[in-house]
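**Q** Sharing model-v4.cif here; it has mmCIF, C-alpha atoms and all ligand atoms.
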data_final
#
loop_
_atom_site.label_atom_id
_atom_site.label_comp_id
_atom_site.auth_asym_id
_atom_site.auth_seq_id
_atom_site.Cartn_x
_atom_site.Cartn_y
_atom_site.Cartn_z
CA MET N 1 0.00 0.00 0.00
CA ASN N 2 2.92 2.25 0.59
CA LYS N 3 4.37 4.11 -2.36
CA PRO N 4 8.06 3.60 -3.03
CA VAL N 5 10.41 6.45 -2.25
CA GLN N 6 13.20 7.43 -4.57
CA VAL N 7 16.19 5.13 -4.39
CA GLN N 8 19.13 7.01 -2.93
CA SER N 9 22.15 5.50 -1.29
CA VAL N 10 23.24 2.93 1.19
CA ASP N 11 25.78 4.13 3.64
CA SER N 12 26.82 3.62 7.20
CA GLY N 13 26.71 6.35 9.79
CA CYS N 14 29.69 8.11 11.33
CA SER N 15 29.18 7.74 15.05
CA ASP N 16 26.85 4.81 14.33
CA ASP N 17 29.30 2.85 12.18
CA LEU N 18 27.60 -0.43 12.90
CA ILE N 19 24.22 0.65 11.58
CA LEU N 20 23.38 -0.01 7.95
CA ARG N 21 21.32 2.86 6.58
CA GLU N 22 19.21 2.29 3.49
CA ARG N 23 16.90 4.46 1.44
CA GLY N 24 15.01 2.72 -1.31
CA GLN N 25 11.75 0.99 -2.06
CA ARG N 26 9.77 0.24 1.09
CA GLU N 27 7.23 -2.51 1.65
CA VAL N 28 5.12 -1.28 4.54
CA PHE N 29 1.52 -0.35 5.27
CA CYS N 30 0.62 3.31 5.68
CA GLY N 31 -0.40 5.19 8.83
CA LEU N 32 -4.12 4.71 8.16
CA THR N 33 -3.69 1.26 9.70
CA GLY N 34 -3.46 2.85 13.17
CA ILE N 35 -7.18 3.65 12.97
CA VAL N 36 -7.80 -0.05 13.59
CA TRP N 37 -6.55 0.05 17.18
CA LEU N 38 -7.17 3.75 17.87
CA HIS N 39 -10.91 3.58 17.15
CA ARG N 40 -11.25 0.66 19.56
CA LYS N 41 -9.54 2.62 22.32
CA LEU N 42 -11.05 6.08 21.91
CA GLN N 43 -14.66 5.08 22.23
CA ASP N 44 -16.25 8.48 21.57
CA ALA N 45 -14.02 9.48 18.66
CA PHE N 46 -14.63 9.10 14.93
CA PHE N 47 -11.96 8.77 12.23
CA LEU N 48 -12.95 10.18 8.85
CA VAL N 49 -10.34 9.25 6.27
CA VAL N 50 -10.25 11.75 3.45
CA GLY N 51 -8.98 9.55 0.69
CA SER N 52 -9.59 7.25 -2.23
CA ARG N 53 -11.30 3.90 -2.65
CA THR N 54 -7.93 2.24 -1.99
CA CYS N 55 -7.82 3.88 1.45
CA ALA N 56 -11.40 2.78 2.13
CA HIS N 57 -10.52 -0.81 1.20
CA LEU N 58 -7.42 -0.79 3.39
CA VAL N 59 -9.18 0.47 6.52
CA GLN N 60 -12.27 -1.65 5.94
CA SER N 61 -10.37 -4.89 5.44
CA ALA N 62 -7.89 -4.25 8.25
CA ALA N 63 -10.57 -3.30 10.78
CA GLY N 64 -13.22 -5.73 9.58
CA VAL N 65 -16.86 -4.88 8.94
CA MET N 66 -18.88 -3.88 11.97
CA ILE N 67 -22.33 -5.32 11.65
CA PHE N 68 -23.88 -4.77 15.06
CA ALA N 69 -22.32 -1.49 16.17
CA GLU N 70 -22.34 1.97 14.63
CA PRO N 71 -18.93 2.26 12.95
CA ARG N 72 -16.42 4.78 14.27
CA PHE N 73 -14.45 5.18 11.08
CA ALA N 74 -15.33 5.91 7.46
CA THR N 75 -13.79 7.21 4.29
CA ALA N 76 -14.85 10.35 2.43
CA VAL N 77 -13.90 9.32 -1.10
CA LEU N 78 -12.75 12.26 -3.18
CA GLN N 79 -12.86 11.79 -6.93
CA ASP N 80 -10.08 13.07 -9.15
CA ARG N 81 -10.22 16.87 -9.47
CA ASP N 82 -7.99 19.63 -10.66
CA LEU N 83 -7.10 22.61 -8.48
CA ALA N 84 -10.08 24.57 -9.84
CA GLY N 85 -12.34 21.97 -8.29
CA MET N 86 -10.93 22.30 -4.77
CA ALA N 87 -13.68 24.68 -3.62
CA ASP N 88 -16.19 21.91 -4.42
CA CYS N 89 -13.98 19.47 -2.55
CA ASN N 90 -14.12 21.59 0.60
CA GLU N 91 -17.88 21.98 0.23
CA GLU N 92 -18.26 18.24 -0.17
CA LEU N 93 -16.14 17.59 2.92
CA ASP N 94 -18.19 20.09 4.95
CA ARG N 95 -21.41 18.44 3.79
CA ILE N 96 -20.17 14.96 4.76
CA VAL N 97 -19.00 16.17 8.20
CA ASN N 98 -22.26 18.06 8.85
CA GLU N 99 -24.35 15.02 7.92
CA LEU N 100 -22.18 12.72 10.05
CA LEU N 101 -22.36 14.94 13.13
CA ALA N 102 -26.10 15.46 12.75
CA ARG N 103 -26.64 11.71 12.63
CA ARG N 104 -24.13 10.79 15.38
CA PRO N 105 -24.51 12.86 18.56
CA ASP N 106 -22.21 10.33 20.35
CA ILE N 107 -19.10 11.65 18.54
CA SER N 108 -17.12 13.99 20.80
CA THR N 109 -13.94 14.18 18.73
CA LEU N 110 -13.66 13.91 14.97
CA PHE N 111 -10.31 13.23 13.32
CA LEU N 112 -9.95 14.16 9.65
CA VAL N 113 -7.26 11.76 8.50
CA GLY N 114 -5.24 12.71 5.42
CA SER N 115 -4.00 10.20 2.86
CA CYS N 116 -1.74 10.21 -0.18
CA PRO N 117 -3.90 10.47 -3.34
CA SER N 118 -2.97 13.68 -5.18
CA GLU N 119 -6.44 15.23 -4.83
CA VAL N 120 -6.21 14.87 -1.03
CA ILE N 121 -2.71 16.36 -0.91
CA LYS N 122 -4.12 19.45 -2.61
CA LEU N 123 -6.71 19.81 0.15
CA ASP N 124 -5.63 21.75 3.28
CA LEU N 125 -7.04 19.50 6.01
CA ALA N 126 -5.67 21.63 8.87
CA ASN N 127 -7.65 24.53 7.46
CA ALA N 128 -10.73 22.35 6.99
CA ALA N 129 -10.50 21.15 10.62
CA GLN N 130 -10.29 24.76 11.84
CA ARG N 131 -13.22 25.87 9.66
CA LEU N 132 -15.38 22.97 10.80
CA SER N 133 -14.34 23.47 14.44
CA VAL N 134 -15.71 27.01 14.29
CA ALA N 135 -18.94 25.78 12.70
CA HIS N 136 -19.41 23.07 15.36
CA HIS N 137 -17.91 24.96 18.30
CA GLY N 138 -19.04 23.60 21.68
CA ARG N 139 -20.48 20.45 20.13
CA VAL N 140 -17.43 18.51 18.90
CA ARG N 141 -13.64 18.82 18.71
CA ILE N 142 -12.34 18.49 15.13
CA LEU N 143 -8.66 17.67 14.59
CA ASN N 144 -6.59 16.45 11.67
CA TYR N 145 -3.53 14.33 11.10
CA SER N 146 -1.86 12.50 8.25
CA GLY N 147 -1.93 8.75 7.67
CA SER N 148 -0.49 9.18 4.18
CA GLY N 149 1.69 6.38 2.93
CA ILE N 150 4.17 8.88 1.52
CA GLU N 151 4.92 10.25 4.99
CA THR N 152 4.20 7.41 7.40
CA THR N 153 4.77 3.76 8.14
CA PHE N 154 1.89 1.95 9.78
CA THR N 155 2.58 2.73 13.43
CA GLN N 156 3.31 6.41 12.75
CA GLY N 157 -0.42 6.98 12.26
CA GLU N 158 -0.79 6.59 16.04
CA ASP N 159 2.10 9.01 16.65
CA ASN N 160 0.46 11.61 14.39
CA CYS N 161 -2.96 11.11 15.99
CA LEU N 162 -1.67 11.47 19.57
CA LYS N 163 0.48 14.45 18.59
CA ALA N 164 -2.68 16.13 17.26
CA LEU N 165 -4.25 15.65 20.71
CA VAL N 166 -1.37 17.20 22.67
CA PRO N 167 -2.42 20.89 22.19
CA GLU N 168 -5.87 19.88 23.48
CA LEU N 169 -4.57 18.53 26.82
CA PRO N 170 -5.45 20.79 29.76
CA GLU N 171 -2.64 22.53 31.65
CA GLN N 172 -1.63 20.71 34.82
CA SER N 173 -1.02 22.76 37.95
CA ALA N 174 2.72 23.19 38.65
CA THR N 175 2.38 21.63 42.13
CA VAL N 176 0.91 18.34 40.85
CA LYS N 177 3.19 15.41 40.01
CA SER N 178 1.67 12.76 37.78
CA LEU N 179 2.61 9.80 35.62
CA LEU N 180 1.46 9.79 31.99
CA VAL N 181 1.66 6.48 30.12
CA VAL N 182 1.73 7.19 26.38
CA GLY N 183 0.67 4.66 23.75
CA THR N 184 -2.45 2.63 23.05
CA LEU N 185 -2.81 -0.30 25.42
CA ALA N 186 -5.60 -2.88 25.52
CA ASP N 187 -7.96 -2.02 28.41
CA VAL N 188 -7.07 -5.26 30.22
CA VAL N 189 -3.34 -4.36 30.10
CA GLU N 190 -4.05 -0.80 31.21
CA ASP N 191 -5.95 -2.18 34.23
CA GLN N 192 -3.04 -4.49 35.14
CA PHE N 193 -0.53 -1.62 35.02
CA MET N 194 -2.90 0.64 36.97
CA ARG N 195 -3.08 -2.00 39.73
CA LEU N 196 0.73 -2.30 39.90
CA PHE N 197 1.23 1.50 40.02
CA SER N 198 -1.43 1.76 42.71
CA GLU N 199 0.21 -1.01 44.80
CA MET N 200 3.49 0.90 44.53
CA GLY N 201 1.71 3.98 45.87
CA ILE N 202 1.75 5.99 42.60
CA GLU N 203 -1.77 7.39 42.58
CA SER N 204 -1.89 10.05 39.90
CA VAL N 205 -1.58 7.91 36.76
CA HIS N 206 -3.14 8.74 33.38
CA PHE N 207 -3.07 7.20 29.93
CA LEU N 208 -2.83 8.79 26.48
CA PRO N 209 -4.95 7.96 24.58
CA PRO N 210 -7.63 7.69 27.29
CA ARG N 211 -10.68 5.49 26.82
CA ARG N 212 -12.81 8.56 26.09
CA ALA N 213 -11.56 11.55 24.13
CA THR N 214 -13.51 13.83 26.50
CA GLU N 215 -11.26 12.68 29.38
CA LEU N 216 -7.91 14.00 28.18
CA PRO N 217 -5.19 14.00 30.85
CA ALA N 218 -3.55 17.24 31.96
CA VAL N 219 0.12 17.91 31.24
CA GLY N 220 2.68 20.27 32.75
CA ASP N 221 6.02 20.54 34.53
CA GLY N 222 5.09 17.81 37.01
CA THR N 223 4.25 15.24 34.31
CA ARG N 224 6.56 12.22 34.04
CA LEU N 225 6.25 10.44 30.68
CA LEU N 226 6.51 6.71 30.35
CA LEU N 227 6.22 5.52 26.75
CA ALA N 228 4.46 2.21 26.18
CA GLN N 229 5.44 2.13 22.49
CA PRO N 230 8.74 3.09 20.85
CA PHE N 231 7.15 4.70 17.80
CA LEU N 232 5.74 7.79 19.56
CA GLY N 233 8.73 10.11 19.27
CA GLU N 234 6.81 13.09 17.84
CA THR N 235 4.12 12.86 20.51
CA ALA N 236 6.79 12.61 23.20
CA ARG N 237 8.58 15.69 21.86
CA SER N 238 5.30 17.66 21.85
CA LEU N 239 4.67 16.64 25.47
CA LEU N 240 8.22 17.60 26.46
CA ALA N 241 7.56 21.03 24.93
CA ARG N 242 4.59 21.28 27.33
CA GLY N 243 6.93 20.80 30.30
CA ALA N 244 6.80 17.01 30.78
CA THR N 245 9.90 14.92 31.60
CA LEU N 246 10.67 11.71 29.74
CA LEU N 247 11.53 8.66 31.87
CA GLU N 248 14.25 6.62 30.19
CA ALA N 249 13.23 2.96 30.21
CA PRO N 250 13.07 -0.19 28.12
CA TYR N 251 9.60 -1.00 26.78
CA PRO N 252 7.33 -3.32 28.77
CA PHE N 253 7.82 -6.44 26.64
CA GLY N 254 8.80 -9.55 28.57
CA VAL N 255 9.80 -9.75 32.22
CA GLU N 256 13.00 -7.73 31.95
CA GLY N 257 11.43 -4.94 29.87
CA THR N 258 8.40 -4.70 32.16
CA LEU N 259 10.55 -4.63 35.30
CA GLY N 260 12.79 -1.91 33.82
CA TRP N 261 9.75 0.10 32.70
CA LEU N 262 8.06 -0.09 36.10
CA GLN N 263 11.38 0.63 37.83
CA ALA N 264 11.71 3.91 35.89
CA ALA N 265 8.34 5.02 37.29
CA ALA N 266 9.20 3.73 40.77
CA THR N 267 12.46 5.72 40.81
CA ALA N 268 10.76 8.89 39.58
CA PHE N 269 8.11 8.60 42.31
CA GLU N 270 10.58 7.54 45.05
CA VAL N 271 9.06 4.11 45.65
CA SER N 272 11.31 2.13 48.01
CA ALA N 273 13.24 -0.86 46.67
CA GLN N 274 11.47 -3.11 49.16
CA ARG N 275 8.00 -2.00 48.10
CA PHE N 276 8.93 -2.36 44.42
CA GLU N 277 10.14 -5.90 45.06
CA THR N 278 7.00 -6.79 47.03
CA VAL N 279 4.71 -5.55 44.25
CA THR N 280 6.57 -7.03 41.27
CA ALA N 281 8.08 -10.29 42.59
CA MET N 282 5.02 -12.50 42.15
CA PRO N 283 3.86 -11.40 38.69
CA ALA N 284 7.48 -11.42 37.44
CA ALA N 285 8.06 -14.96 38.78
CA ARG N 286 4.78 -16.12 37.23
CA ALA N 287 5.80 -14.68 33.86
CA GLU N 288 9.27 -16.24 34.08
CA ARG N 289 7.71 -19.67 34.74
CA ALA N 290 5.39 -19.23 31.75
CA LEU N 291 8.37 -18.40 29.52
CA VAL N 292 10.33 -21.60 30.32
CA HIS N 293 8.31 -23.61 27.79
CA TYR N 294 8.98 -21.02 25.08
CA ARG N 295 12.70 -20.91 25.77
CA GLU N 296 12.75 -24.62 24.93
CA LEU N 297 10.87 -23.99 21.67
CA LEU N 298 12.71 -20.85 20.57
CA GLY N 299 16.17 -21.21 22.12
CA GLY N 300 19.00 -21.28 19.56
CA LYS N 301 16.75 -20.30 16.64
CA ARG N 302 17.82 -17.45 14.33
CA ILE N 303 15.47 -14.55 13.60
CA SER N 304 15.53 -11.56 11.25
CA PHE N 305 13.29 -8.48 11.37
CA LEU N 306 12.40 -6.54 8.24
CA PRO N 307 11.67 -2.85 9.00
CA ASP N 308 7.96 -2.37 9.60
CA SER N 309 6.44 -1.72 13.03
CA GLN N 310 9.28 0.13 14.85
CA LEU N 311 8.87 -2.52 17.57
CA GLU N 312 11.78 -4.48 16.11
CA ILE N 313 14.52 -3.43 18.56
CA PRO N 314 12.57 -4.04 21.82
CA LEU N 315 11.28 -7.35 20.46
CA ALA N 316 14.74 -8.50 19.38
CA ARG N 317 16.00 -7.65 22.86
CA PHE N 318 13.19 -9.73 24.44
CA LEU N 319 13.70 -12.70 22.13
CA GLN N 320 17.46 -12.74 22.60
CA ARG N 321 17.64 -12.18 26.33
CA GLU N 322 14.54 -14.03 27.52
CA CYS N 323 13.88 -16.66 24.86
CA GLY N 324 17.44 -17.52 23.79
CA MET N 325 17.00 -16.62 20.10
CA HIS N 326 19.79 -15.16 17.94
CA ALA N 327 18.87 -12.02 16.03
CA VAL N 328 20.62 -12.01 12.65
CA GLU N 329 19.34 -8.69 11.26
CA VAL N 330 17.16 -6.18 13.09
CA GLY N 331 15.73 -3.72 10.58
CA THR N 332 13.69 -0.73 11.72
CA PRO N 333 12.06 1.98 9.55
CA TYR N 334 13.46 4.77 11.78
CA LEU N 335 15.96 4.59 14.59
CA ASP N 336 14.94 7.24 17.11
CA ARG N 337 17.87 6.97 19.52
CA ARG N 338 16.28 9.11 22.20
CA MET N 339 13.28 6.80 22.40
CA LEU N 340 15.42 3.65 22.28
CA VAL N 341 18.45 4.48 24.36
CA ALA N 342 17.66 1.95 27.13
CA GLU N 343 16.82 -0.74 24.56
CA LEU N 344 20.03 -0.26 22.58
CA ASP N 345 22.02 -0.72 25.80
CA LEU N 346 20.38 -4.12 26.30
CA LEU N 347 20.66 -5.40 22.71
CA GLY N 348 23.33 -8.05 22.24
CA GLY N 349 25.56 -6.10 19.84
CA HIS N 350 26.12 -9.09 17.53
CA GLU N 351 23.07 -8.48 15.35
CA ARG N 352 23.14 -6.47 12.10
CA LEU N 353 21.18 -3.30 12.81
CA SER N 354 19.63 -1.57 9.80
CA GLU N 355 17.56 1.58 9.45
CA GLY N 356 15.26 2.34 6.52
CA GLN N 357 14.72 -0.06 3.66
CA ASP N 358 15.80 -0.95 0.20
CA VAL N 359 13.66 -4.02 -0.13
CA GLU N 360 15.61 -5.81 -2.85
CA ASN N 361 18.89 -5.48 -0.94
CA GLN N 362 17.23 -6.58 2.24
CA LEU N 363 15.72 -9.64 0.55
CA ASP N 364 19.14 -10.56 -0.87
CA ARG N 365 20.63 -10.47 2.62
CA LEU N 366 17.72 -12.46 3.98
CA ARG N 367 18.13 -15.19 1.34
CA ASN N 368 21.78 -15.32 2.19
CA ASP N 369 21.19 -15.47 5.96
CA ARG N 370 18.24 -17.90 5.77
CA PRO N 371 17.07 -17.31 9.37
CA ASP N 372 14.67 -19.77 11.00
CA LEU N 373 12.04 -17.00 11.29
CA THR N 374 11.50 -13.68 9.50
CA VAL N 375 9.26 -10.95 10.95
CA CYS N 376 7.87 -8.85 8.10
CA GLY N 377 4.85 -7.13 6.62
CA LEU N 378 1.93 -9.00 5.07
CA GLY N 379 3.01 -8.22 1.52
CA LEU N 380 6.33 -10.03 1.87
CA ALA N 381 5.22 -12.94 4.04
CA ASN N 382 3.62 -15.15 1.38
CA PRO N 383 6.43 -14.88 -1.19
CA LEU N 384 8.97 -15.66 1.53
CA GLU N 385 6.94 -18.65 2.72
CA ALA N 386 6.93 -19.88 -0.89
CA GLU N 387 10.75 -19.71 -0.75
CA GLY N 388 10.72 -21.94 2.32
CA LEU N 389 11.30 -19.18 4.89
CA ALA N 390 9.03 -19.21 7.97
CA THR N 391 7.45 -15.80 8.63
CA LYS N 392 5.56 -13.87 11.26
CA TRP N 393 3.38 -10.87 10.35
CA SER N 394 4.62 -7.84 12.26
CA ILE N 395 1.13 -6.31 12.27
CA GLU N 396 -0.04 -9.05 14.67
CA LEU N 397 2.35 -7.67 17.28
CA VAL N 398 0.42 -4.41 17.35
CA PHE N 399 -3.06 -5.93 17.23
CA THR N 400 -2.42 -8.40 20.08
CA PRO N 401 -2.08 -7.39 23.77
CA VAL N 402 1.62 -8.13 24.38
CA HIS N 403 2.70 -5.62 27.08
CA GLY N 404 3.40 -6.49 30.70
CA PHE N 405 4.09 -9.53 32.86
CA GLU N 406 0.81 -11.33 32.19
CA GLN N 407 1.27 -11.12 28.41
CA ALA N 408 4.98 -12.12 28.28
CA ALA N 409 4.17 -15.73 27.39
CA ASP N 410 1.55 -14.62 24.84
CA LEU N 411 4.24 -12.54 23.16
CA ALA N 412 6.62 -15.51 23.01
CA GLU N 413 3.76 -17.67 21.73
CA LEU N 414 3.35 -15.38 18.70
CA PHE N 415 6.92 -16.24 17.66
CA ALA N 416 6.61 -19.92 18.52
CA ARG N 417 3.43 -20.42 16.48
CA PRO N 418 5.07 -20.53 13.02
CA PHE N 419 7.39 -23.31 14.26
CA THR N 420 4.63 -25.40 15.81
CA ARG N 421 2.50 -24.95 12.67
CA ARG N 422 5.36 -26.12 10.47
CA GLU N 423 6.00 -29.05 12.77
CA ARG N 424 2.34 -30.11 12.58
CA LEU N 425 2.35 -29.83 8.77
CA ARG N 426 5.54 -31.90 8.57
CA PHE N 427 4.06 -34.54 10.85
CA ARG N 428 0.87 -34.73 8.76
CA SER N 429 2.74 -35.05 5.50
CA CYS N 430 4.88 -37.85 6.98
CA SER N 431 1.97 -39.86 8.40
S1 LIG N 501 -3.08 6.55 2.27
FE1 LIG N 501 -1.97 6.06 0.39
S2 LIG N 501 -0.88 4.15 0.91
FE2 LIG N 501 -2.52 4.40 2.42
S3 LIG N 501 -4.28 3.23 1.58
FE3 LIG N 501 -4.51 5.40 0.94
S4 LIG N 501 -3.56 5.42 -1.10
FE4 LIG N 501 -2.80 3.54 -0.10
#
I'd like the structure from this file rewritten - as structure tokens, please.
Ligand code: SF4
**A**
Amino acid sequence: MNKPVQVQSVDSGCSDDLILRERGQREVFCGLTGIVWLHRKLQDAFFLVVGSRTCAHLVQSAAGVMIFAEPRFATAVLQDRDLAGMADCNEELDRIVNELLARRPDISTLFLVGSCPSEVIKLDLANAAQRLSVAHHGRVRILNYSGSGIETTFTQGEDNCLKALVPELPEQSATVKSLLVVGTLADVVEDQFMRLFSEMGIESVHFLPPRRATELPAVGDGTRLLLAQPFLGETARSLLARGATLLEAPYPFGVEGTLGWLQAAATAFEVSAQRFETVTAMPAARAERALVHYRELLGGKRISFLPDSQLEIPLARFLQRECGMHAVEVGTPYLDRRMLVAELDLLGGHERLSEGQDVENQLDRLRNDRPDLTVCGLGLANPLEAEGLATKWSIELVFTPVHGFEQAADLAELFARPFTRRERLRFRSCS
């Protein structure tokens, strides 16, 4: 779905000599994909994609068709127009928004989501959002962000959406100290973390995005940011500009990542070492026991990541350190060092780290390496399977609850499944 970018060069960095940097054709989904998990989380928001039929097909097939509920996403399909027709385009958009809001009083926040067809690029969606905000003032908040495949990979849609919310967050009083967890989490995972923070004595904890767009958390000098996802660099920078402080931590994948993540909050809120140990010992031990089985299945196996979700580095760290796998190549679309500093410290250092993509080069290296498992986008998975390479769709790692102690084994299971499936197929064909 993503348009190729111009092929440029492959070079290695200066201070980052060991990182292979590539700019070429990419094989990734666009940022519209984020609507799939964002619309489930923000229950009173609506995502109106301003795009083409292709965009409508992508969102519809990724999110599935809702039969029983009123949908919370749609696509305003704009037909091909020249610049002279843009006034009509704006009128058409206003008409669609007015009709939608008249029919759906439950919508408190409307996101106009930009895409990459040329007729949409000509349209100034920021201006449209402002114009419509004035027209519907007091009734609904109207924001815009881009999910265009030219500008975004699939997880960056969430970064753009949350960044659009930051100016809307109320100002937090300078005397209040609070913890803000940033990144979409399944409600069940959010509840688990909330319980752990509460047991540690950290009471003022908020999540962005919240479950309802009308309940936006406040931000200010006393806000401590804990990122739940590594792909939210732009949102984090906007929150830092509002006075917040970023807590440096690994991401809460696996036991080690979750412990490090919780420890960062505990340190910032002066939780004693004894209390931290009391709160985390049991769930961490339970998760470690659940991982033993997966270490047997995955230990010693070689894995490569093609750049897609921006989760590649934390996941490679988890699989190497807790499941005994060997990462051959870890490719990521963007390497945001500030967001990954704690993760890079934990990574083994023997893997080939690559940033960006030139898909043909990457496939050549992959065929040469022949890892036991390749994590990649949907578009590459089937051809690679046909070449005898086992694959895992990276998009599943975003759609499945995988954060925290209770989900550590579920995360390992996602990587074990391709091996058990292959084993079953082999057994059937032998019998
Ligand atoms: S935004 Fe661009 S890449 Fe994404 S579905 Fe629409 S046309 Fe395709």
**Q** Using CA of Phe111 in chain N and CA of Ala45 in chain N as the two end points, give the distance in Å to one decimal.
**A**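 Spanning CA of Phe111 in chain N to CA of Ala45 in chain N is a straight-line distance of 7.5 Å.
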**Q** Hey, could you make a per-residue contact list for chain N against ligand LIG 501 (chain N) with 6 Å as the cut-off, showing the nearest pair of atoms and its distance in Å to one decimal, counting all atoms listed in the file, sorted by chain and number, as a tab-separated table?
**A**
residue	atom	partner	partner_atom	distance
N:Met1	CA	N:LIG501	S2	4.3
N:Asn2	CA	N:LIG501	S2	4.3
N:Cys30	CA	N:LIG501	FE2	4.7
N:Leu32	CA	N:LIG501	FE2	6.0
N:Thr54	CA	N:LIG501	S3	5.2
N:Cys55	CA	N:LIG501	S3	3.6
N:Leu58	CA	N:LIG501	S3	5.4
N:Ser115	CA	N:LIG501	S1	3.8
N:Cys116	CA	N:LIG501	FE1	4.2
N:Pro117	CA	N:LIG501	S4	5.5
N:Gly147	CA	N:LIG501	S1	5.9
N:Ser148	CA	N:LIG501	S1	4.2
N:Gly149	CA	N:LIG501	S2	4.0
**Q** Could you write out that same residue set with C-alpha atoms as an mmCIF file, in the frame of the given file?
**A**
data_model
loop_
_atom_site.group_PDB
_atom_site.id
_atom_site.type_symbol
_atom_site.label_atom_id
_atom_site.label_comp_id
_atom_site.auth_asym_id
_atom_site.auth_seq_id
_atom_site.Cartn_x
_atom_site.Cartn_y
_atom_site.Cartn_z
ATOM 1 C CA MET N 1 0.000 0.000 0.000
ATOM 2 C CA ASN N 2 2.920 2.250 0.590
ATOM 3 C CA CYS N 30 0.620 3.310 5.680
ATOM 4 C CA LEU N 32 -4.120 4.710 8.160
ATOM 5 C CA THR N 54 -7.930 2.240 -1.990
ATOM 6 C CA CYS N 55 -7.820 3.880 1.450
ATOM 7 C CA LEU N 58 -7.420 -0.790 3.390
ATOM 8 C CA SER N 115 -4.000 10.200 2.860
ATOM 9 C CA CYS N 116 -1.740 10.210 -0.180
ATOM 10 C CA PRO N 117 -3.900 10.470 -3.340
ATOM 11 C CA GLY N 147 -1.930 8.750 7.670
ATOM 12 C CA SER N 148 -0.490 9.180 4.180
ATOM 13 C CA GLY N 149 1.690 6.380 2.930
#
**Q** Just to confirm, what's the straight-line distance from CA of Gln130 in chain N to CA of Pro105 in chain N in Å (one decimal)?
**A**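 It comes out at 19.7 Å.
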**Q** Can you work out the spacing between CA of Arg212 in chain N and CA of Ile107 in chain N in Å, to one decimal?
**A**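 Computing it gives 10.3 Å between the two atoms.
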**Q** Point out the residue among N:Ala241, N:Leu335, N:Ser304, N:Leu344 with the least atom-to-atom distance to Leu373 in chain N, counting all atoms listed in the file.
**A**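 For Leu373 in chain N, the nearest of the given residues is N:Ser304.
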